[in-house]
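> Please read through the structure below; I'll follow up with questions.
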Amino acid sequence: MHPLRRAAAFACPALLLSVAACSADSPRTDPKPPKAAAPSAPGGLALAKAVDQLKVASESRAGYDRDKFKLWVDADRDGCDAREEVLLSEAVKKPRQGAGCKLTGGQWKSYYDGKTVNDPSKLDIDHVVPLAEAWDSGASKWPAKRREAYANDLDAPRGLVAVSSGPNRAKGDKDPAEWLPPAKDAYCTYAADWTSTKLRWNLTTDTAERAALHKIAAGCPKTTVAFTPAP
């Protein structure tokens with residue numbers, strides 16, 4: 001298992017319930033990428049303050065193709081690809097691991113809907129900030145290798161999450177102004193996961209998205225966001 005995913009699995013078993021213990025306003029037209037946010041302080045930023053760090057810019061889907069993000073690589077060559085690494089790290093009951101990292105059995109808690117899932121094939125690995133949304137908000141300017149790193153980011157335990165396929169497919173490429181998890185008690189965690197991912201990867205936000213995040217943050221006074229800028 002990827003070392004940081006392993007650390008997240010053992011050091012923070014309550015992460016699905018709360019990110020608090022672990023982990024600007026007119027549109028911009030400046031073609032230069034915004035300056036990356038500084039790493040969050042130890043213990044993290046309050047969610048509302050983290051949302052304040054997001055840069056606002058207009059979005060464009062022009063040129064997007066999902067194939068421009070290479071998915072599910074085995075970067076550490078341990079036989080398990082990024083999808084399988086997430087499944088292993090987020091299991092609440094460890095699955096059996098066969099040849100080629102084929103996983104059977106096990107148990108997961110999908111925090112989007114609160115459901116317990118006992119079959120890994122019924123789980124999706126969601127990019128909390130979808131690939132299309134990442135493209136719209138900065139990834140279109142990245143080289144292919146950086147898009148690959150984003151699509152398989154195991155160094156931040158909250159950018160990729162194992163969730164039930166139904167809510168994930170209902171979400172599609174929507175942002176928090178357009179979709180939120182069906183479980184209302186997941187809102188604070190979801191907003192924090194979204195915000196930390198955007199800050200980590202220096203991705204911008206549109207005005208409606210940022211307003212939705214602020215609205216959620218107002219009801220999450222104890223939720224904090226911790227992130228490290230991607231290399």
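Quick note on naming: the chains in the structure tokens go A, B, ... in the order shown, residues restart at 1 in each chain, and ligands are numbered from 1 in order of appearance.
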Using DSSP secondary structure from the backbone, list all helix (DSSP H, G or I) positions within segment 90-216 of chain A, as a ChimeraX atom specification.
/A:90,99-101,120-122,131-136,139-141,144-151,165-171,184-200,207-216
> Fewer than 4 positions away in the same chain doesn't count, so skip those; otherwise give me all residues within 10 Å of Gly79 of chain A, counting only C-alpha atoms, as a list in words.
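Final neighbour list, sorted by chain and number: Met1, Val73, Asp74, Ala75, Glu84, Glu85, Ala99, Gly100, Cys101 and Lys102 of chain A.
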> May I have the residues from that selection written out with N, CA and C atoms, as a tab-separated table (two decimals), in the first residue's frame?

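Result file is result.tsv:
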chain	number	residue	atom	x	y	z
A	1	MET	N	0.85	-1.19	0.00
A	1	MET	CA	0.00	0.00	0.00
A	1	MET	C	0.88	1.24	0.00
A	73	VAL	N	-2.75	4.35	-12.35
A	73	VAL	CA	-1.38	3.87	-12.54
A	73	VAL	C	-0.88	3.24	-11.25
A	74	ASP	N	0.14	2.41	-11.38
A	74	ASP	CA	0.80	1.79	-10.23
A	74	ASP	C	2.14	2.48	-10.07
A	75	ALA	N	2.12	3.67	-9.50
A	75	ALA	CA	3.33	4.51	-9.45
A	75	ALA	C	4.45	3.89	-8.64
A	84	GLU	N	-6.93	0.50	-6.52
A	84	GLU	CA	-6.81	-0.55	-5.51
A	84	GLU	C	-6.19	-0.04	-4.22
A	85	GLU	N	-5.25	0.90	-4.34
A	85	GLU	CA	-4.64	1.49	-3.14
A	85	GLU	C	-5.69	2.21	-2.30
A	99	ALA	N	-3.81	-12.48	-6.55
A	99	ALA	CA	-2.82	-12.19	-7.59
A	99	ALA	C	-3.24	-10.95	-8.38
A	100	GLY	N	-2.24	-10.13	-8.72
A	100	GLY	CA	-2.54	-8.92	-9.47
A	100	GLY	C	-3.33	-7.91	-8.68
A	101	CYS	N	-3.29	-8.01	-7.35
A	101	CYS	CA	-4.01	-7.13	-6.43
A	101	CYS	C	-5.52	-7.21	-6.64
A	102	LYS	N	-6.02	-8.38	-7.04
A	102	LYS	CA	-7.46	-8.57	-7.14
A	102	LYS	C	-8.04	-8.63	-5.73
> Could you work out how far atom CA of Pro231 of chain A lies from atom CA of Cys188 of chain A, giving the answer in Å with one decimal?
26.6 Å
> In terms of the shortest atom-to-atom distance over only C-alpha atoms, which of A:Ala208, A:Leu131, A:Ala46, A:Ala91 is closest to Val117 of chain A?
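The closest residue to Val117 of chain A is A:Ala91.
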> Measuring between only C-alpha atoms, which one of A:Asp136, A:Glu178, A:Asp193, A:Asp113 shows the shortest distance to Glu59 of chain A?
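The closest residue to Glu59 of chain A is A:Asp136.
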> Identify, on the basis of only C-alpha atoms, every residue whose closest approach to Ile125 of chain A does not exceed 9 Å; exclude the query and any residue fewer than 4 positions from it along the same chain; express the result as number ranges by chain.
A: 83, 86-87, 160-165, 168
> Take the residues just selected and output them with C-alpha atoms as a CSV table (one decimal), in the first residue's frame.

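Saved file part_32.csv follows:
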chain,number,residue,atom,x,y,z
A,83,ARG,CA,-7.8,2.5,-7.5
A,86,VAL,CA,-7.6,3.6,-2.2
A,87,LEU,CA,-9.8,0.6,-1.6
A,160,LEU,CA,-9.7,10.2,-4.0
A,161,VAL,CA,-12.4,8.5,-2.0
A,162,ALA,CA,-14.2,5.1,-2.3
A,163,VAL,CA,-18.0,5.7,-2.5
A,164,SER,CA,-21.2,4.0,-3.6
A,165,SER,CA,-21.5,4.1,-7.4
A,168,ASN,CA,-20.9,9.2,-7.6
> Given only C-alpha atoms as the basis, pick out the residue of A:Arg158, A:His127, A:His214, A:Lys55 nearest to Gly172 of chain A.
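Selected residue with least distance to Gly172 of chain A: A:His127.
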> Write out as a compact mmCIF listing (two decimals) with all heavy atoms, in the first residue's frame the residues lying within 7 Å of Leu199 of chain A, counting only C-alpha atoms and excluding same-chain residues fewer than 4 positions away.

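result-v8.txt was written with the following content:
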# COMPACT_ATOMS: atom_id res chain seq x y z
N ALA A 37 -1.65 28.77 -2.99
CA ALA A 37 -1.88 29.05 -1.58
C ALA A 37 -0.75 28.45 -0.74
O ALA A 37 -0.17 27.43 -1.09
CB ALA A 37 -3.21 28.47 -1.14
N LEU A 54 -9.41 30.37 -1.84
CA LEU A 54 -9.64 29.95 -3.22
C LEU A 54 -9.69 31.17 -4.14
O LEU A 54 -10.34 32.17 -3.83
CB LEU A 54 -10.95 29.17 -3.34
CG LEU A 54 -10.99 27.82 -2.62
CD1 LEU A 54 -12.42 27.28 -2.59
CD2 LEU A 54 -10.05 26.82 -3.29
N THR A 195 -12.39 21.70 -0.96
CA THR A 195 -11.55 22.88 -0.79
C THR A 195 -10.08 22.51 -0.66
O THR A 195 -9.21 23.15 -1.28
CB THR A 195 -12.02 23.67 0.45
OG1 THR A 195 -13.40 24.03 0.29
CG2 THR A 195 -11.19 24.92 0.65
N LEU A 203 -6.08 25.08 -7.95
CA LEU A 203 -7.19 25.20 -8.90
C LEU A 203 -8.09 26.35 -8.48
O LEU A 203 -8.28 26.61 -7.29
CB LEU A 203 -7.99 23.89 -8.93
CG LEU A 203 -7.22 22.67 -9.46
CD1 LEU A 203 -8.02 21.40 -9.22
CD2 LEU A 203 -6.88 22.83 -10.94
N PRO A 229 0.60 21.86 -0.73
CA PRO A 229 0.59 22.08 -2.18
C PRO A 229 1.26 20.92 -2.92
O PRO A 229 2.29 20.40 -2.48
CB PRO A 229 1.38 23.37 -2.35
CG PRO A 229 1.20 24.08 -1.03
CD PRO A 229 1.18 23.01 -0.01
> Counting only C-alpha atoms, which of A:Ala144, A:Leu47, A:Leu103, A:Val92 gets nearest to Cys220 of chain A?
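Of A:Ala144, A:Leu47, A:Leu103, A:Val92, the one nearest Cys220 of chain A, counting only C-alpha atoms, is A:Leu47.
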> Restricting the calculation to only C-alpha atoms, which member of A:Ala132, A:Ala82, A:Ala170, A:Val51 is positioned closest to Ala211 of chain A?
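Ranked by minimum distance to Ala211 of chain A, first place goes to A:Val51.
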> Would you mind listing what lies within 12 Å of Ile216 of chain A as number ranges by chain, with only C-alpha atoms counted and same-chain residues fewer than 3 positions away left out?
A: 47-48, 51, 176-177, 180, 184-192, 194-195, 209-213, 219-221, 223
